[in-house]
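A.B. asks: Structure incoming, see below.
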Amino acid sequence: MIIRAGRNLYPYDLEQAVGALPGVRKGCVAVFGVQPGEPGQERLVVVAETRLRDEAERRALEQRILAEAMAQLELAPDDIVLAPMHAVLKTSSGKIRRAAVRDAYLDGRLGAPARAAWLQILRLQLASLGGRLQALPGVLYAGWAWLGFALLAPLAALCILVLPTIGQRWACAHRLARLYRWFCACPLRVEGLDRLPPGNCVLVANHASYCDGLVLAAALPRPVRFVAKAEFRSNRILRPLFERMGALFVERFDARQGLEDAQALGAHAGEGLPMLFFAEGTFGAREGLQAFRLGAFQVAARHSLPIVPVALAGTRAVLRDRSWWPQRGALALTVCAPVEPRGDDWHDLLALRDAVRARILAHCGEHDALRG
């Protein structure tokens, strides 16, 4: 509604009438009022799109619009603007956006020539360039990390397949893992290696990333037998490498088979090589220390072996679950004081598990997922 000379004027009828005039683009007329500063008084403005360029034709069209306004409202418009195409803004449903047209009129932007399409595309590309430049260092680093892996992984596989003893294979993997960590410029802080018992033991570590195995190989100076998920048995490339490194496989999803696998691990407990369990079983993108499974604690209790908690920190940030874009970050491995089992009944196993989990929780840098 427009207030003019004490009258309430409605723009729709005049817009329809002006839109029907020859030379005016139908449906491309906006009528609105602008406040000149006096309350209750508004200047009447008519904006009409036209393709006419001849000056005499444009003046004649202005006179026809003036006559139409006088016939409709008995008032002369204060301003008549003949605008180029697309100057009268509309909604997606085709309704006139009078307020937006009025703002453009007041700002002097009404009918400003539109930028060429290629200029608009260029402007959008330049606007997004900042975000792409910010992401570029991460992309370059990920490529660098994968380049190092591609160079060192075949050499590690060759050493594992060729060297005759597990001690030699582990020494080779240990040195190559340290070299790869240096190549990726990820500082690794290792504490508590002197807490490793000289004899046999069971190692229990938290699990947050696929790079956990590399960090353990780089940090631990002597061979250990990884207890790996049974899915690796069906992997034709990884299975021979895992077996040459003394890995043992356990079923995660079949409860009966998992129990049998856990019992079979006891046969390897006296072979002299510590077994290393990822007690959480698996990992995900969500941070937090998950619940521990009991397999490692059953083996330790039944064979009276000390359990050594090993806390990994920073690996989740370096390579997250379902991501193949490694990032540079600080890593840490803490070997905690061994925990001796007190018995092998159910309550003793739970107490042993909770004691080991508490020590890992104190050093892994993540919250307790069981407490939210």
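Identifiers in this document derive from the order of the structure tokens: chains are assigned A, B, ..., residues are numbered from 1 separately in each chain, and ligands are numbered from 1 in order of occurrence.
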Name the residues in contact with region 69-73 of chain A at a cut-off of 9 Å, using only C-alpha atoms, excluding same-chain residues fewer than 2 positions from it; report them as a list in words.

C.D. replies: Leu9, Asp13, Leu14, Ala17, Val18, Arg64, Ile65, Leu66, Ala67, Leu75, Ala76 and Pro77 of chain A

A.B. asks: Within 12 Å of Arg353 (chain A), counting only C-alpha atoms, which residues show up once you throw out same-chain ones fewer than 2 positions away? Write them as a compact mmCIF listing (two decimals) with N, CA and C atoms, in the first residue's frame, please.

C.D. replies:
# COMPACT_ATOMS: atom_id res chain seq x y z
N VAL A 204 48.56 -55.05 25.97
CA VAL A 204 47.20 -54.60 25.63
C VAL A 204 47.28 -53.12 25.26
N ALA A 205 46.79 -52.78 24.05
CA ALA A 205 46.83 -51.41 23.56
C ALA A 205 45.44 -50.95 23.16
N ALA A 279 42.55 -54.31 22.61
CA ALA A 279 41.46 -54.81 23.45
C ALA A 279 40.09 -54.28 23.05
N GLU A 280 40.04 -53.14 22.34
CA GLU A 280 38.74 -52.62 21.90
C GLU A 280 38.18 -53.42 20.72
N ALA A 291 34.86 -49.96 25.19
CA ALA A 291 34.92 -51.10 26.11
C ALA A 291 36.01 -52.08 25.67
N PHE A 292 36.61 -52.76 26.64
CA PHE A 292 37.65 -53.76 26.37
C PHE A 292 37.04 -55.16 26.36
N ARG A 293 37.48 -55.98 25.42
CA ARG A 293 37.08 -57.39 25.39
C ARG A 293 37.98 -58.19 26.33
N LEU A 294 37.53 -59.36 26.70
CA LEU A 294 38.19 -60.12 27.77
C LEU A 294 39.24 -61.12 27.29
N GLY A 295 39.40 -61.31 25.97
CA GLY A 295 40.29 -62.35 25.47
C GLY A 295 41.71 -62.24 26.00
N ALA A 296 42.28 -61.05 25.97
CA ALA A 296 43.66 -60.85 26.42
C ALA A 296 43.80 -61.19 27.90
N PHE A 297 42.80 -60.82 28.67
CA PHE A 297 42.87 -61.01 30.11
C PHE A 297 42.69 -62.49 30.48
N GLN A 298 41.90 -63.21 29.70
CA GLN A 298 41.77 -64.65 29.92
C GLN A 298 43.09 -65.36 29.68
N VAL A 299 43.78 -65.01 28.59
CA VAL A 299 45.07 -65.63 28.27
C VAL A 299 46.08 -65.34 29.38
N ALA A 300 46.14 -64.07 29.80
CA ALA A 300 47.11 -63.68 30.83
C ALA A 300 46.83 -64.39 32.16
N ALA A 301 45.55 -64.45 32.53
CA ALA A 301 45.22 -65.04 33.84
C ALA A 301 45.47 -66.54 33.85
N ILE A 307 50.26 -58.40 32.42
CA ILE A 307 49.71 -57.61 31.32
C ILE A 307 50.35 -56.23 31.35
N VAL A 308 50.86 -55.80 30.20
CA VAL A 308 51.49 -54.50 30.09
C VAL A 308 50.56 -53.57 29.30
N PRO A 309 49.98 -52.55 29.94
CA PRO A 309 49.14 -51.59 29.19
C PRO A 309 50.01 -50.69 28.31
N VAL A 339 50.59 -55.15 35.06
CA VAL A 339 49.55 -55.51 36.03
C VAL A 339 49.54 -57.03 36.14
N GLU A 340 49.71 -57.54 37.33
CA GLU A 340 49.74 -58.99 37.53
C GLU A 340 48.32 -59.52 37.78
N PRO A 341 47.92 -60.60 37.10
CA PRO A 341 46.60 -61.20 37.37
C PRO A 341 46.57 -61.86 38.74
N ARG A 342 45.43 -61.77 39.41
CA ARG A 342 45.28 -62.36 40.75
C ARG A 342 44.55 -63.70 40.73
N ASP A 344 41.79 -66.38 37.89
CA ASP A 344 41.17 -66.51 36.57
C ASP A 344 39.66 -66.66 36.64
N TRP A 346 35.72 -65.04 37.10
CA TRP A 346 35.08 -63.93 36.39
C TRP A 346 35.38 -62.58 37.03
N HIS A 347 35.30 -62.49 38.34
CA HIS A 347 35.53 -61.22 39.01
C HIS A 347 36.99 -60.78 38.91
N ASP A 348 37.90 -61.75 38.94
CA ASP A 348 39.31 -61.42 38.79
C ASP A 348 39.60 -60.87 37.39
N LEU A 349 38.96 -61.46 36.37
CA LEU A 349 39.16 -60.97 35.00
C LEU A 349 38.64 -59.55 34.83
N LEU A 350 37.47 -59.27 35.41
CA LEU A 350 36.90 -57.92 35.30
C LEU A 350 37.78 -56.91 36.02
N ALA A 351 38.29 -57.29 37.20
CA ALA A 351 39.16 -56.37 37.93
C ALA A 351 40.46 -56.11 37.16
N ALA A 355 41.62 -52.44 35.65
CA ALA A 355 42.89 -51.83 36.05
C ALA A 355 43.73 -51.46 34.83
N VAL A 356 43.77 -52.35 33.85
CA VAL A 356 44.53 -52.07 32.63
C VAL A 356 43.90 -50.92 31.85
N ARG A 357 42.59 -50.93 31.74
CA ARG A 357 41.90 -49.87 30.99
C ARG A 357 42.10 -48.51 31.65
N ALA A 358 42.11 -48.47 32.97
CA ALA A 358 42.29 -47.19 33.67
C ALA A 358 43.67 -46.60 33.37
N ARG A 359 44.69 -47.44 33.28
CA ARG A 359 46.03 -46.94 33.00
C ARG A 359 46.14 -46.42 31.56
N ILE A 360 45.52 -47.14 30.63
CA ILE A 360 45.55 -46.66 29.24
C ILE A 360 44.76 -45.37 29.11

A.B. asks: Point out the residue among A:Arg25, A:Arg178, A:Arg222, A:His207 with the least atom-to-atom distance to Cys364 (chain A), counting only C-alpha atoms.

C.D. replies: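 The shortest atom-to-atom distance to Cys364 (chain A) comes from A:His207.
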
A.B. asks: Name the residues of region 8-111 of chain A that come out as strand (DSSP E or B) in a backbone DSSP run; write them as a list in words.

C.D. replies: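 Result set for region 8-111 of chain A (strand (DSSP E or B)): Asn8, Leu9, Val24, Arg25, Lys26, Gly27, Cys28, Val29, Ala30, Val31, Phe32, Gly33, Val34, Arg43, Leu44, Val45, Val46, Val47, Ala48, Glu49, Thr50, Asp79, Ile80, Val81, Leu82, Ala83, Lys90 and Ile96 of chain A.
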
A.B. asks: Can you pull out every residue from region 60-184 of chain A that DSSP, working from the backbone, puts in alpha helix (DSSP H), and format the result as a count of residues only?

C.D. replies: 88
